[in-house]
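Asks: Take this structure first; my questions come after.
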Amino acid sequence: MIRSAILLAFAATTSATTLAAAPSSPLSTIAERSGFQNTGRYDEVVELCARFQKAYPKQVRCFEFGRTPEGRPMLALAVSRSGALTAEQAKKRGLPVLLAQGGIHAGEIDGKDAGFLALREALENKAAPGALDKQVLLFVPVFNVDGHERFGKWNRPNQRGPVEMGWRTTAQNLNLNRDYLKADAPEMQAMLGLVNAWDPLTYVDLHATNGAKFQHDISIQVEPVYSGDAEFRKAGLALRTNVIKDIAKEGSTPQSYYMSFVKQDDPMSGFEDGVSDPRFSTGYFQLRNRMAMLVETHSWKEYPVRVRITRNTVVSLLNQVAKYGADWQKAAYAADARAAQLGNKKVALNYRTTDKTEMVNFNGYEYTRKPSEISGGLMTRYDETKPQVWRVPLRDEVVADMEVTAPGAGYIVPAAQAAIVGEKLRQHGVVFRKLDQGVARANVETFRADKATLDATSVEGHQRLTVTGKWTAEPRAVTAGSLFVPIAQPKARLVVAMFEPQAPDSLLAWGTFNTAFERKEYMEDYVAEDVAREQMAADPKVAAEFAQRLASDPAFAKDPQARLAFFAKRHSSYDERLNLYPVLRTDTVL
């Protein structure tokens, strides 16, 4: 019965074309020849990249854009009927670029096999006829190449097929889908180099989701829709709407939100839409005024079904960019111009979903939730032979949460931090310059943390830091060799996201400046006792303030170290840089 239901769903998603294998074609994949039961190893990607270029030398260019930590080539195919173009040639011709990436999580490898299928059909004009005349398709079959080669059965036990697949993380155990802004991984640094060179209008991140069992087969999320430049959101919404409409015609049942329950394993808790932080693709590219699409096929659909749905999505994207890409590109450049005017204007650091709720129908299955003798908690069991419509809450009103006013001119990175921060700025293609001369007394803003809290455990190899505090006008010396990072540039939102200390993926949040919040110099307690008495004797106001603090703050009164610190902070030996964020804001161009 389950098998019959799956085959019916499969038939619905293949209405446009069939999944017949093409064993005689040198451009077919192992997946096709196996009836989409298997997927090939990375050597197949290397071979296919070369074969596509050989078969279509005037349309396809296969090239390496990076090397993995284990020494494997990272390959991309640039495809256009305008020629086998370089990035510079594509820019000169004004062609919009669609970058489709597979295998960022290499166990979720639908995008690789679907991408090669869609590419071959587009070149043969069997799919998206004429679309490659009006754009460049930049196809990265596998982003996480080393993870792809950590090959094995059941690497994803909550996924139906292929028989063997790769691994979620890189050889360095980094999750590339948490790395867009901090860019630790060599693979991400290579990808950002590719993005900086080609400036894709649309970046497509192809996944297969985890989660519960239900009938829907794919989710399509796009930003900017809720985030970023308000005017450019119209383009993001149009892209999302049009692709969902296209693939629905092919028999899919797409949703525009990530299909993960608000409460884990509880269908009746419903769903919540939102905006991802910039560590994710959809949270990152809106900061660059470009569109990003997260494609999540449902892991419990069999592999042939998922590949076909992903193929349909890529074909839809080719058609949409061919039809609207020129207009969307103009809208993106207009957003660039507006971003360069963000000085002294409000900028959102993150977004939240409001409590506004509507009840929606969602196509699920009958299920039970009973206590488990294994876990001791409630366990959900789904019956895929019994489709059921769930009536569940959906929250999808998204608004800006924390906002800041951007500096009038930009940020200053002191010379001591210039090397590491400068390299990070170069990776993202952010404009900055090194100051040849210092300023003895610059009118700037500083941020001093009232509270700095380190995470108890590491995240992606970092000990993250959260701070509270505010920017305050304070003259400071700026030394030669410091960096000036202007707001007046197209990537102004990205600059703010990197440097505002309370932004969720700022350099500070990922621990770049942790040492600024570590106390290094101390006063011995017996010395502090003498210093306290000297200060109170010399200044009655200090004595009165101390007495008032003792009377009004019981916690302070009971804490010997806090009481001594009261006086130590007033001593000339106290480190005035402690808890001072080592990045400045300025309203004056330097």
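Every chain in the structure tokens has a letter given in the order shown (A, B, ...), and although residue numbers restart at 1 in each chain, ligands are simply numbered from 1 in the order shown.
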Using DSSP on the backbone, list every residue of stretch 399-577 of chain A that comes out as strand (DSSP E), and give them as a count of residues only.
Replies: 45
Asks: Using only C-alpha atoms, which residues of stretch 401-424 of chain A come within 6 Å of stretch 581-584 of chain A, and what is the closest atom pair for each, with the distance in Å to one decimal? Give it as a Markdown table, sorted by chain and residue number.
Replies:
| residue | atom | partner | partner_atom | distance |
| --- | --- | --- | --- | --- |
| A:Tyr411 | CA | A:Leu584 | CA | 5.5 |
| A:Ile412 | CA | A:Leu584 | CA | 4.9 |
| A:Val413 | CA | A:Val583 | CA | 5.0 |
Asks: Rank nothing, just name the residue among A:Ala449, A:Ala171, A:Val421, A:Val79 nearest to A:Asp133, using only C-alpha atoms.
Replies: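 Looking only at the distances to A:Asp133, the closest residue turns out to be A:Val79.
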Asks: From a DSSP calculation on the backbone, collect every residue of stretch 198-374 of chain A in alpha helix (DSSP H) and output the set as a ChimeraX atom specification.
Replies: /A:198,233-249,281-285,303-339
Asks: What's the 12 Å shell around A:Ser572, counting only C-alpha atoms, without same-chain residues fewer than 5 positions away, as an MDAnalysis selection string?
Replies: chainID A and resid 521 523 531 535 567
Asks: What lies within 7 Å of stretch 347-364 of chain A using only C-alpha atoms, ignoring chain neighbours under 5 positions off, as a count of residues only?
Replies: 29
Asks: Which residue gives the smallest distance to A:Glu518 among A:Lys330, A:Arg41, A:Lys451, A:Lys491, with only C-alpha atoms counted?
Replies: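 Looking only at the distances to A:Glu518, the closest residue turns out to be A:Lys451.
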Asks: With stretch 191-206 of chain A as the partner and 12 Å as the cut-off, tabulate the residues of stretch 21-75 of chain A that qualify, each row holding the nearest pair of atoms and their distance in Å to one decimal, using only C-alpha atoms, sorted by chain and rising number, as JSON lines.
Replies:
{"residue": "A:Phe63", "atom": "CA", "partner": "A:Leu194", "partner_atom": "CA", "distance": 10.9}
{"residue": "A:Glu64", "atom": "CA", "partner": "A:Leu194", "partner_atom": "CA", "distance": 10.0}
{"residue": "A:Phe65", "atom": "CA", "partner": "A:Leu194", "partner_atom": "CA", "distance": 6.7}
{"residue": "A:Gly66", "atom": "CA", "partner": "A:Met191", "partner_atom": "CA", "distance": 7.8}
{"residue": "A:Arg67", "atom": "CA", "partner": "A:Met191", "partner_atom": "CA", "distance": 10.5}
{"residue": "A:Thr68", "atom": "CA", "partner": "A:Met191", "partner_atom": "CA", "distance": 11.1}
{"residue": "A:Met74", "atom": "CA", "partner": "A:Met191", "partner_atom": "CA", "distance": 9.1}
{"residue": "A:Leu75", "atom": "CA", "partner": "A:Met191", "partner_atom": "CA", "distance": 10.4}
Asks: For those residues, write N, CA and C atoms to a file as a short mmCIF file (atom, residue, chain, number, x, y, z; two decimals), in the first residue's frame.
Replies:
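Saved the output as out-v3.cif:
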data_model
loop_
_atom_site.label_atom_id
_atom_site.label_comp_id
_atom_site.auth_asym_id
_atom_site.auth_seq_id
_atom_site.Cartn_x
_atom_site.Cartn_y
_atom_site.Cartn_z
N PHE A 63 35.37 24.46 -15.02
CA PHE A 63 36.56 25.04 -14.41
C PHE A 63 36.59 24.75 -12.91
N GLU A 64 37.78 24.79 -12.37
CA GLU A 64 38.02 24.60 -10.94
C GLU A 64 38.04 25.95 -10.26
N PHE A 65 37.32 26.08 -9.15
CA PHE A 65 37.31 27.36 -8.44
C PHE A 65 37.87 27.26 -7.03
N GLY A 66 38.35 26.08 -6.65
CA GLY A 66 38.94 25.92 -5.32
C GLY A 66 39.40 24.50 -5.09
N ARG A 67 40.08 24.31 -3.97
CA ARG A 67 40.53 22.97 -3.55
C ARG A 67 40.07 22.74 -2.12
N THR A 68 39.66 21.53 -1.84
CA THR A 68 39.20 21.17 -0.51
C THR A 68 40.39 20.89 0.41
N MET A 74 37.26 21.64 -6.61
CA MET A 74 35.88 22.11 -6.55
C MET A 74 35.54 22.63 -7.95
N LEU A 75 34.56 22.02 -8.58
CA LEU A 75 34.28 22.28 -9.99
C LEU A 75 32.96 23.00 -10.18
#
Asks: Figure out the distance between atom CA of A:Thr453 and atom CA of A:Arg549, please, to one decimal in Å.
Replies: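 Between atom CA of A:Arg549 and atom CA of A:Thr453 the gap is 24.2 Å.
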Asks: Tell me, counting only C-alpha atoms, for each residue of stretch 8-127 of chain A within 12 Å of stretch 175-182 of chain A, which pair of atoms is nearest and how far apart they are in Å to one decimal, in rows ordered by chain and increasing number, as CSV.
Replies:
residue,atom,partner,partner_atom,distance
A:Gln101,CA,A:Asn177,CA,11.9
A:Gly102,CA,A:Asn177,CA,11.9
A:Gly103,CA,A:Leu176,CA,10.0
A:Ile104,CA,A:Leu176,CA,6.3
A:His105,CA,A:Leu176,CA,7.6
A:Ala106,CA,A:Leu176,CA,10.3
Asks: Using Å and a single decimal, report how far atom CA of A:Gly410 sits from atom CA of A:Gly228.
Replies: 19.0 Å
Asks: Out of A:Ala118, A:Ala235, A:Leu564, A:Leu590, which residue has the shortest atom-to-atom distance to A:Ser316 when counting only C-alpha atoms?
Replies: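 So, comparing all the options, the nearest one is A:Ala118.
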Asks: Fewer than 2 positions away in the same chain doesn't count, so skip those; otherwise give me all residues within 8 Å of A:Ala488, counting only C-alpha atoms, as a list in words.
Replies: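 Final neighbour list, sorted by chain and number: Ala339, Ala340, Gln341, Leu342, Gly343, Ala409, Gly410, Pro486, Pro490 and Ala492 of chain A.
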Asks: Quick one: residues within 7 Å of stretch 136-140 of chain A, only C-alpha atoms counted, chain neighbours fewer than 5 positions away excluded, as a list in words?
Replies: Leu75, Ala76, Leu77, Ala78, Val79, Ser80, Leu95, Pro96, Val97, Leu98, Leu99, Ala100, Gln101 and Gly102 of chain A
Asks: Just to confirm, what's the straight-line distance from atom CA of A:Ser252 to atom CA of A:Thr385 in Å (one decimal)?
Replies: 18.9 Å
Asks: From the list A:Ser375, A:Ser25, A:Thr39, A:Thr586, which residue is nearest A:Trp471 when using only C-alpha atoms?
Replies: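 Among A:Ser375, A:Ser25, A:Thr39, A:Thr586, it is A:Thr586 that comes nearest to A:Trp471.
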Asks: Which of these residues is nearest to A:Arg533, using only C-alpha atoms: A:Thr515, A:Asn289, A:Lys323, A:Ala568?
Replies: A:Ala568
